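Worksheet: one structure, shown below.
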Amino acid sequence: MKSPKEKVCERVYLTFPKDLVKEPIVCWLAKKFDIIFNIRGSTVTSEMGLVAIEIEGERGEVEKALQWLRDKGVLVEPIEKNVIE
Amino acid sequence: MTFVQGLKCRECGQDYPKEPLHVCETCFGPLEVVYDYDRIKKEISREKIAQRAKSLWRYRELLPIDGEPQAGLYSGFTPLIRAHRLGAALGAKELYIKDDSVNHPTFSYKDRVVSVAISKAIEFGFDTVSCASTGNLANSVAAHAAKAGLNCYVFIPEGLEQGKIIGSAIYGPRTIAIQGNYDDVNRLCSEIADKYGWAFVNVNLRPYYAEGAKTHGFEVAEQLGWKLPRHIVVASAGGTILPKIAKAFKELKQVGLIDDSACKIYAAQATGCAPIIQALKKGADLISPVKPNTIASSIAIGNPADGFYVLQAVKESGGWGESVTDEEILDAIKLLARTEGIFTEPAGGTEVAVTRKLIQQGRIPRDESVVISITGNGYKTLEVVAKSVEQPFKIRADLRNFDELYLQLNQPTPGKVAAGEG
């Protein structure tokens with residue numbers, strides 16, 4: 001069983017659809033969760049946003065943060081994106 | 001002898017050593033193999049290539065291996081066929097089919113990328129290879145692993161049709177069906193690749209794997225007498241092959257094997273999963289993910305990892321892209337079969353249908369040379385066309401019965417004879 005207290009570091013791509021581009025999602029992410037994150041790359045247009053991000057913290061908190069992003073409508077993917085071919 | 005200098009991030013340009021790495025530690029961008037083209041130019045020649053075996057390894061200086069090829073010794077060098085009858089049907093004077101539907105050993109272009117990945121896996125000393133796939137990639141990895149005597153793990157989404165599982169299972173891999181959606185499968189496979197230290201061909205070996213796709217482009221040029229077609233149409237799924245064909249053409253010019261690298265490249269997608277075409281038409285640089293809904297399952301990738309590079313290659317070449325409906329894809333599969341005797345999967349039907357559309361739009365002039373890259377085989381996806389082909393006529397074992405049917409089938413004014421009548 002994975003411990004929710006275990007320290008983890010997740011590297012993911014976040015894709016923001018058009019309707020979320022004007023929302024301060026990343027700011028809320030910082031305020032709502034006890035995590036440390038580092039943006040490694042980003043591109044934002046009026047149509048969408050793409051952010052490469054590394055999120056560190058206790059497993060339970062990181063998982064909660066990622067689920068909150070998904071619930072908001074953000075696409076959360078591993079940095080390899082699609083590997084099913 | 002190797003001509004590989006290392007790996008480089010396609011985004012920030014950071015250099016990395018020749019290792020099983022695939023993303024940049026700084027910006028998470030994809031890594032690409034870097035070659036010493038000056039040395040390759042001195043070593044390679046048309047004559048030297050012509051003397052070699054007819055496989056993808058005849059261009060070995062431009063492939064990322066250090067020693068002798070270890071896998072795929074019979075892969076590649078598929079036919080480039082002058083398609084007179086399909087050309088007449090589409091209104092193209094000089095049309096060719098590059099036919100990877102007969103690639104060895106598993107009948108798709110994936111045998112190219114997997115040959116290189118497995119060779120590289122052996123060079124790196126891996127004893128286990130793996131992939132996540134719903135079809136062609138798994139077939140190829142399992143077959144090449146069997147031939148090389150490597151352990152093999154294939155990951156699939158739970159609920160995949162039995163037919164698609166058998167095409168890999170016959171080679172003896174361990175097949176793991178993962179519960180969850182495609183995102184869950186992707187996430188787990190990334191974690192497994194990281195933790196188990198296997199050669200996950202399209203994850204930690206991706207920079208090497210993808211280079212194998214260049215051989216499709218090298219062969220087209222060589223088979224046309226070391227020149228390029230004016231236009232080439234390629235299906236896009238995850239986005240591996242199209243940018244690599246563009247890279248192949250550039251490299252051939254760079255090392256002096258061709259004089260002119262001008263060739264317009266066109267992306268083909270199914271309308272039910274066309275994120276790249278949508279971005280192209282909008283003029284966007286970023287690809288908005290879509291939920292796939294098409295019969296062309298081998299190219300149904302809603303958020304293509306290399307989609308950006310497809311857009312870049314298409315635009316740089318002066319090409320374009322189009323998408324076609326499932327109905328158009330089915331019609332095109334039948335058209336290719338009935339004009340050229342080639343049975344392709346829906347991805348190939350997409351390419352033929354898109355070519356027809358681009359010719360009708362005037363984007364591809366009727367009197368200029370065109371290559372359609374057929375990337376997979378229709379015998380793997382029989383269910384897709386099962387309902388759209390003529391059913392057998394049933395008769396009793398009596399010559400008079402056949403005489404009667406023959407007359408009906410060959411009436412001067414063709415009247416459709418109902419299937420099953422006898």
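All residue names refer to the structure tokens as shown: chains lettered A, B, ... in order, residues numbered from 1 in each chain, ligands numbered from 1 in order.
Residues within 8 Å of B:Val33, counting only C-alpha atoms and excluding same-chain residues fewer than 6 positions away, are Val4, Gln5, Gly6, Leu7, Lys8, Pro64, Pro207, Tyr208 and Glu211 of chain B.
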Quiz item: Could you write out as a ChimeraX atom specification the residues of chain B within 10 Å of chain A, counting only C-alpha atoms?
Solution: /B:11-12,22-23,25-30,110,131-138,155-157,182-191,200-204,206,237-238,284-289,297-306
Quiz item: Just asking: which residues within chain A are alpha helix (DSSP H) according to DSSP, as a list in words?
Solution: Ile25, Val26, Cys27, Trp28, Leu29, Ala30, Lys31, Lys32, Arg59, Gly60, Glu61, Val62, Glu63, Lys64, Ala65, Leu66, Gln67, Trp68, Leu69, Arg70, Asp71 and Lys72 of chain A
Selection above as a file: C-alpha atoms, as a compact mmCIF listing (two decimals), in the first residue's frame:
```
# COMPACT_ATOMS: atom_id res chain seq x y z
CA ILE A 25 -6.11 28.13 -11.91
CA VAL A 26 -2.39 27.94 -11.14
CA CYS A 27 -2.76 30.59 -8.45
CA TRP A 28 -5.57 28.63 -6.80
CA LEU A 29 -3.46 25.50 -7.02
CA ALA A 30 -0.80 27.23 -4.93
CA LYS A 31 -3.28 28.50 -2.36
CA LYS A 32 -5.45 25.41 -1.95
CA ARG A 59 1.50 11.71 -2.20
CA GLY A 60 -2.00 12.28 -0.84
CA GLU A 61 -1.77 16.04 -1.27
CA VAL A 62 -0.29 15.82 -4.79
CA GLU A 63 -3.02 13.37 -5.83
CA LYS A 64 -5.68 15.69 -4.40
CA ALA A 65 -4.20 18.62 -6.30
CA LEU A 66 -4.13 16.71 -9.60
CA GLN A 67 -7.70 15.50 -9.08
CA TRP A 68 -8.82 19.06 -8.34
CA LEU A 69 -7.25 20.16 -11.65
CA ARG A 70 -9.06 17.36 -13.51
CA ASP A 71 -12.35 18.28 -11.83
CA LYS A 72 -11.83 21.87 -13.01
```
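The residue set within 12 Å of B:Pro173, counting only C-alpha atoms and dropping same-chain residues fewer than 5 places from it, reads Thr128, Val129, Ser130, Cys131, Ala138, Asn139, Ser140, Val141, Ala142, Ala143, His144, Ala145, Ala146, Lys147, Gly149, Leu150, Asn151, Cys152, Tyr153, Val154, Phe155, Ile165, Ile166, Gly167 and Ser168 of chain B.
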Exercise. Using atom CA of B:Pro292 and atom CA of B:Ala267 as the two end points, give the distance in Å to one decimal.
Key: 16.9 Å
Exercise. Do a neighbour search on stretch 81-93 of chain B at 9 Å with only C-alpha atoms, toss out local chain neighbours closer than 2 positions, and write the hits as a ChimeraX atom specification.
Key: /B:79,95-99,335-336,338-340,352,355-357,359-360,364-370
Quiz prompt | Backbone-only DSSP, strand (DSSP E or B) members of stretch 257-373 of chain B, as a PyMOL selection string | solution = chain B and resi 264-270+273+321-324+344+370-373
